[in-house]
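Asker: I'd like to ask some things about the structure below.
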Amino acid sequence: MTAPEGRGIAEHREKNAEATFRILHVSTGNVCRSPITERLTRHALAHRLGSARTRGLIVESAGTWGHEGAPMEAHAATVLTDFGADPAGFLGRELLDEHVIRADLVLTATRDHRAQVISMGHSAGLRTFTLKEFTRLVRAIDPATLPDPEEAGGVVERARALVQAAAALRGWLLAPNEDADEVHDPYGAPITFFRSIGDEINQALDPVVTALTGVPAPA
């Protein structure tokens, strides 16, 4: 799939490169895992930074077989409510070239999703990770080597540096087993399984949001 002509997507990315940092979460249908991850990320960023300081951070999601215009699964919405995050207004999207082109960081639910994103091209390889892979890499990065989020450029510059550092470490910190980087699909499962997946995603996001913002999670 190619981006529609006349949208100026690459030009848009270049013009706004210094002003924003766009995080794209990817799963299969964009009704379970990626909506949970998107809204939990937004919730955590706002909770730690406040609304004003998150304006340069754009968090969205899409699915490789996305249910275009569909609401998230009811159990996914319940999980978000459990965490205090807002599920309202969500609509599923099919993953398009323009989403990948615009993204500064792509976090996928599984290795298959990561491979699909990278296969779309757009030099996505250095900015596409599974969520758990990125978490593992981020844990190994010394936060003192990242830009101070309080200085010029703020959180956006810190986020760009974090992605570059993670990409440099990828070949050195491999997954301990094939399942370690996977977030399994809860579609059709009972609410108990959705909640376990929600906990899994939230735990994986915590060190990522801490590294992005420089602000640890409240005790």
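Simple scheme: letters A, B, ... for chains in structure tokens order, numbers from 1 for residues in each chain, numbers from 1 for ligands in the order shown.
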Determine which residues of range 26-165 of chain A receive a DSSP assignment of helix (DSSP H, G or I), computed from the backbone, and state them as a ChimeraX atom specification.
Answerer: /A:33-49,52-54,74-82,97-102,111-119,125-127,131-139,143-145,154-165
Asker: Could you list, with a cut-off of 12 Å and counting only C-alpha atoms, the residues of range 22-136 of chain A near range 153-162 of chain A, each shown with its nearest atom pair and the distance in Å rounded to one decimal, rows sorted by chain and ascending number, as CSV?
Answerer:
residue,atom,partner,partner_atom,distance
A:Arg22,CA,A:Val156,CA,9.2
A:Ile23,CA,A:Ala159,CA,9.8
A:Leu45,CA,A:Val155,CA,10.5
A:Arg48,CA,A:Val155,CA,11.8
A:Leu49,CA,A:Val155,CA,9.5
A:Ala52,CA,A:Val155,CA,11.7
A:Arg53,CA,A:Val155,CA,7.9
A:Thr54,CA,A:Val155,CA,8.1
A:Arg55,CA,A:Val156,CA,9.7
A:Gly56,CA,A:Val156,CA,6.4
A:Leu57,CA,A:Val156,CA,6.9
A:Ile58,CA,A:Val156,CA,10.2
A:Ala103,CA,A:Arg160,CA,11.3
A:Asp104,CA,A:Arg160,CA,7.5
A:Leu105,CA,A:Arg160,CA,8.5
A:Leu126,CA,A:Arg160,CA,11.5
A:Arg127,CA,A:Arg160,CA,9.6
A:Phe134,CA,A:Leu162,CA,9.9
A:Thr135,CA,A:Leu162,CA,11.2
Asker: Apply DSSP to the backbone of this structure and, from range 104-141 of chain A, keep only the residues in strand (DSSP E); write these as number ranges by chain.
Answerer: A: 105-108, 128-130
Asker: Report as a list of chain:residue names all protein, DNA and RNA residues lying within 8 Å of range 201-208 of chain A, evaluated on only C-alpha atoms, omitting residues in the same chain fewer than 5 positions from it.
Answerer: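 Here the answer would be A:Ile36, A:Thr37, A:Leu40, A:Thr41, A:Leu131, A:Lys132, A:Phe134, A:Thr135, A:Val138, A:Arg139, A:Val183, A:Ala217.
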Asker: Which neighbours of Arg93 in chain A fall inside 12 Å, counting only C-alpha atoms, when residues of the same chain fewer than 5 positions from it are skipped, and could you give them as a list in words?
Answerer: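 That gives Leu24, His25, Val26, Ser27, Thr28, Gly29, Asn30, Val31, Ser34, Pro35, Glu60, Ser61, Ala62, Gly63, Thr64, Trp65, Gly66, His67, Glu68, Gly69, Ala70, Pro71, Met72, Glu98 and His99 of chain A.
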Asker: Based on the selection just made, write C-alpha atoms of those residues as a CSV table (one decimal), in the first residue's frame.
Answerer:
chain,number,residue,atom,x,y,z
A,24,LEU,CA,2.8,4.2,16.7
A,25,HIS,CA,1.5,1.0,18.4
A,26,VAL,CA,0.7,-1.9,16.0
A,27,SER,CA,-1.2,-5.1,16.5
A,28,THR,CA,-3.4,-7.2,14.2
A,29,GLY,CA,-7.0,-5.9,14.4
A,30,ASN,CA,-6.4,-2.6,16.3
A,31,VAL,CA,-9.2,-3.5,18.6
A,34,SER,CA,-2.7,-1.7,20.3
A,35,PRO,CA,-5.7,0.3,21.6
A,60,GLU,CA,-1.6,6.5,18.1
A,61,SER,CA,-2.2,2.9,16.8
A,62,ALA,CA,-3.1,0.8,13.8
A,63,GLY,CA,-3.6,-2.8,12.8
A,64,THR,CA,-2.0,-4.9,10.1
A,65,TRP,CA,-5.5,-6.3,9.5
A,66,GLY,CA,-7.1,-3.3,11.1
A,67,HIS,CA,-10.9,-3.1,11.5
A,68,GLU,CA,-11.2,0.4,10.0
A,69,GLY,CA,-13.6,2.5,12.0
A,70,ALA,CA,-14.4,-0.3,14.6
A,71,PRO,CA,-14.6,0.4,18.3
A,72,MET,CA,-12.2,-1.3,20.6
A,98,GLU,CA,1.6,7.1,5.9
A,99,HIS,CA,1.4,5.9,9.5
Asker: What gap, in Å, lies between CA of Glu178 in chain A and CA of Val100 in chain A?
Answerer: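 Separating CA of Glu178 in chain A from CA of Val100 in chain A is a distance of 25.1 Å.
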Asker: Quick one: of A:Asn177, A:Asp185, A:Ala85, A:Ala144, who's nearest to Thr108 in chain A, counting only C-alpha atoms?
Answerer: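 For Thr108 in chain A, the nearest of the given residues is A:Asp185.
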Asker: Record the distance separating CA of Ala74 in chain A and CA of Ala115 in chain A, expressed in Å with one decimal.
Answerer: 28.4 Å
